[in-house]
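Engineer: Provided herewith is a single structure, encoded as structure tokens, for subsequent inquiry.
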Amino acid sequence: MDFLCIDIGGTTIKYGVISKDMLLKELYTVRTPKNYKDFLEEIKNISSGFSYTKAVGVGYPGAYDFMNDLMLYAPNLDFLNGRKLHAEIAKFIDNPVFIENDANLAALGEYTIIEQGAVDNMLFITLGTGVGGGAIVNRQLFTGSITAFEAGHTTIDYSGRQCNCGRLGCLETYCCENGILTTFEEISQNRKSDISKLTQLAECGDMSAVKTFDLFSKHLAAGIADCINLLAPEKVKIGGGLSHLHRFFLDITEQNLKELVYPAYRNKFKLLPAELDNKAGVYGAAALCRQRYRDGQKP
């Protein structure tokens with residue numbers, strides 16, 4: 001039995017086939033379309049090649065009302081707002097379709113494949129086009145009738161940068177890809193860069209680039225600390241498109257966290273890079289399919 005797994009991101013869509021035994025058989029990446037018509041057409045094209053699979057798992061970037069099948073808010077893909085995503089995707093797919101927030105699925109994927117029940121509570125933070133979060137609480141994905149755990153929209157500066165969600169100072173405005181590049185521009189007298197160039201500059205000791213990652217670490221710690229204080233996880237995993245840069249910020253972030261979290265939790269968690277890298281979301285989609293297909297749950 002195989003599942004089609006689709007991970008929709010603000011920049012790319014990753015999709016592949018994973019067996020019920022959680023073996024990845026195929027994996028592909030395409031650019032995320034810029035409008036809803038093209039988006040649906042892309043999902044239709046993807047699904048048409050995998051009609052032999054038994055169920056489809058879809059991760060989306062945003063907050064969803066599962067009871068009313070309605071996308072409430074997707075700050076980085078605003079053409080999804082107000083759409084009945086599940087119903088519209090299910091129109092052209094014969095098999096059961098199961099949907100969940102992309103960061104939640106990344107958390108579920110990492111927990112299912114890597115942790116395998118070794119810890120009871122785990123946080124997963126995704127750093128990429130946006131900042132997302134997922135949580136495993138008592139060995140179960142933390143979710144509800146509406147998408148839960150929007151970690152990227154915890155406030156770290158009440159008079160800070162304007163976020164796409166309309167609020168000021170969200171973690172996402174500092175720790176997404178555009179956020180870290182904005183920080184570099186602010187402290188380097190308006191020098192422009194991209195992620196690849198920024199890492200090269202940091203490796204060469206460029207003071208502005210090094211300071212950028214120091215500030216990134218402080219911002220990230222400020223956001224994660226509140227999540228740790230609420231859920232007391234044993235592990236915090238960092239995933240998403242920027243996670244491969246962890247050598248520049250992870251150790252400093254952990255040091256900052258030790259100063260920010262509630263004293264009782266300071267030595268009770270580990271901060272680690274995700275081991276599934278950018279594949280956590282597709283694995284999570286497979287885990288969702290396996291659970292709901294087995295349990296006979298409704299999409």
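The chains in the structure tokens are called A, B, ... from first to last as shown; in each chain the residues are counted from 1, and the ligands are counted from 1 in the order shown.
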Would you mind writing down, as a compact mmCIF listing (two decimals) with N, CA and C atoms, in the first residue's frame, each residue of range 4-98 of chain A that DSSP on the backbone assigns to helix (DSSP H, G or I)?

Structural biologist:
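Written output follows (out_21.txt):
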```txt
# COMPACT_ATOMS: atom_id res chain seq x y z
N TYR A 36 -4.52 30.81 -7.62
CA TYR A 36 -5.27 29.63 -7.21
C TYR A 36 -5.58 28.70 -8.38
N LYS A 37 -5.89 29.26 -9.54
CA LYS A 37 -6.20 28.43 -10.70
C LYS A 37 -5.01 27.55 -11.06
N ASP A 38 -3.84 28.16 -11.16
CA ASP A 38 -2.63 27.40 -11.50
C ASP A 38 -2.26 26.42 -10.39
N PHE A 39 -2.52 26.82 -9.16
CA PHE A 39 -2.23 25.96 -8.03
C PHE A 39 -3.06 24.67 -8.11
N LEU A 40 -4.37 24.81 -8.31
CA LEU A 40 -5.21 23.62 -8.41
C LEU A 40 -4.80 22.75 -9.60
N GLU A 41 -4.43 23.39 -10.70
CA GLU A 41 -4.01 22.65 -11.88
C GLU A 41 -2.73 21.86 -11.59
N GLU A 42 -1.83 22.46 -10.82
CA GLU A 42 -0.58 21.77 -10.46
C GLU A 42 -0.87 20.56 -9.58
N ILE A 43 -1.74 20.72 -8.59
CA ILE A 43 -2.10 19.60 -7.72
C ILE A 43 -2.79 18.50 -8.52
N LYS A 44 -3.63 18.89 -9.46
CA LYS A 44 -4.30 17.92 -10.32
C LYS A 44 -3.30 17.16 -11.16
N ASN A 45 -2.33 17.87 -11.72
CA ASN A 45 -1.30 17.22 -12.54
C ASN A 45 -0.47 16.25 -11.71
N ILE A 46 -0.13 16.66 -10.50
CA ILE A 46 0.65 15.80 -9.61
C ILE A 46 -0.12 14.52 -9.31
N SER A 47 -1.37 14.67 -8.90
CA SER A 47 -2.15 13.51 -8.47
C SER A 47 -2.47 12.56 -9.62
N SER A 48 -2.55 13.09 -10.84
CA SER A 48 -2.93 12.24 -11.97
C SER A 48 -1.91 11.14 -12.25
N ASP A 78 -1.67 33.87 -0.02
CA ASP A 78 -2.97 34.46 0.29
C ASP A 78 -4.07 34.06 -0.68
N PHE A 79 -3.72 33.49 -1.83
CA PHE A 79 -4.77 33.05 -2.75
C PHE A 79 -5.52 31.82 -2.22
N LEU A 80 -4.99 31.20 -1.16
CA LEU A 80 -5.69 30.08 -0.54
C LEU A 80 -6.74 30.52 0.48
N LEU A 85 -10.27 23.95 0.61
CA LEU A 85 -9.16 23.26 -0.01
C LEU A 85 -9.38 21.76 -0.11
N HIS A 86 -9.86 21.16 0.95
CA HIS A 86 -10.06 19.72 0.93
C HIS A 86 -11.08 19.32 -0.13
N ALA A 87 -12.22 19.98 -0.14
CA ALA A 87 -13.29 19.63 -1.09
C ALA A 87 -12.85 19.84 -2.53
N GLU A 88 -12.09 20.90 -2.77
CA GLU A 88 -11.71 21.20 -4.15
C GLU A 88 -10.62 20.26 -4.65
N ILE A 89 -9.74 19.84 -3.78
CA ILE A 89 -8.74 18.85 -4.18
C ILE A 89 -9.39 17.49 -4.37
N ALA A 90 -10.32 17.15 -3.50
CA ALA A 90 -10.97 15.84 -3.56
C ALA A 90 -11.81 15.66 -4.83
```

Engineer: Which residues come within 7 Å of Asn95 in chain A, counting only C-alpha atoms, excluding same-chain residues fewer than 4 positions away, as a PyMOL selection string?

Structural biologist: chain A and resi 54-56

Engineer: Just list the residues in range 12-199 of chain A DSSP gives strand (DSSP E) on the backbone, as a ChimeraX atom specification.

Structural biologist: /A:12-19,24-31,55-60,63-65,70-73,97-101,122-127,131-137,140-141

Engineer: As an exercise, work out the distance from CA of Asp69 in chain A to CA of Met1 in chain A in Å and give it to one decimal place.

Structural biologist: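 Taking CA of Asp69 in chain A and CA of Met1 in chain A, their separation equals 27.1 Å.
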
Engineer: Set out as a tab-separated table a contact list for range 33-129 of chain A and range 143-156 of chain A with a cut-off of 9 Å, giving each residue of range 33-129 of chain A that qualifies its closest atom pair and distance in Å to one decimal, counting only C-alpha atoms, ordered by chain and rising residue number.

Structural biologist:
```
residue	atom	partner	partner_atom	distance
A:Gly62	CA	A:Thr147	CA	7.9
A:Ala63	CA	A:Thr147	CA	5.0
A:Tyr64	CA	A:Thr147	CA	5.3
A:Asp65	CA	A:Ile146	CA	4.6
A:Phe66	CA	A:Ser145	CA	5.4
A:Met67	CA	A:Ser145	CA	6.0
A:Leu72	CA	A:Ile146	CA	8.9
A:Glu100	CA	A:Thr147	CA	7.6
A:Asn101	CA	A:Thr147	CA	6.7
A:Ala103	CA	A:Glu150	CA	8.9
A:Asn104	CA	A:Thr143	CA	8.0
A:Ile125	CA	A:Ala151	CA	7.5
A:Thr126	CA	A:Gly152	CA	8.6
A:Leu127	CA	A:Gly152	CA	9.0
```

Engineer: So that I have them on file, write out the residues from the current selection with C-alpha atoms, as an mmCIF file, in the first residue's frame.

Structural biologist:
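For reference, part.cif as written:
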```
data_model
loop_
_atom_site.group_PDB
_atom_site.id
_atom_site.type_symbol
_atom_site.label_atom_id
_atom_site.label_comp_id
_atom_site.auth_asym_id
_atom_site.auth_seq_id
_atom_site.Cartn_x
_atom_site.Cartn_y
_atom_site.Cartn_z
ATOM 1 C CA GLY A 62 -1.686 28.247 7.083
ATOM 2 C CA ALA A 63 -4.531 27.942 9.575
ATOM 3 C CA TYR A 64 -7.485 25.759 8.620
ATOM 4 C CA ASP A 65 -11.006 25.237 9.946
ATOM 5 C CA PHE A 66 -11.434 21.485 9.592
ATOM 6 C CA MET A 67 -15.061 21.464 10.719
ATOM 7 C CA LEU A 72 -8.815 30.706 7.456
ATOM 8 C CA GLU A 100 -3.033 19.117 7.858
ATOM 9 C CA ASN A 101 -0.789 22.135 8.405
ATOM 10 C CA ALA A 103 4.659 22.342 9.961
ATOM 11 C CA ASN A 104 2.434 19.975 11.924
ATOM 12 C CA ILE A 125 10.162 24.654 14.191
ATOM 13 C CA THR A 126 10.319 25.154 10.416
ATOM 14 C CA LEU A 127 12.426 27.979 8.991
#
```
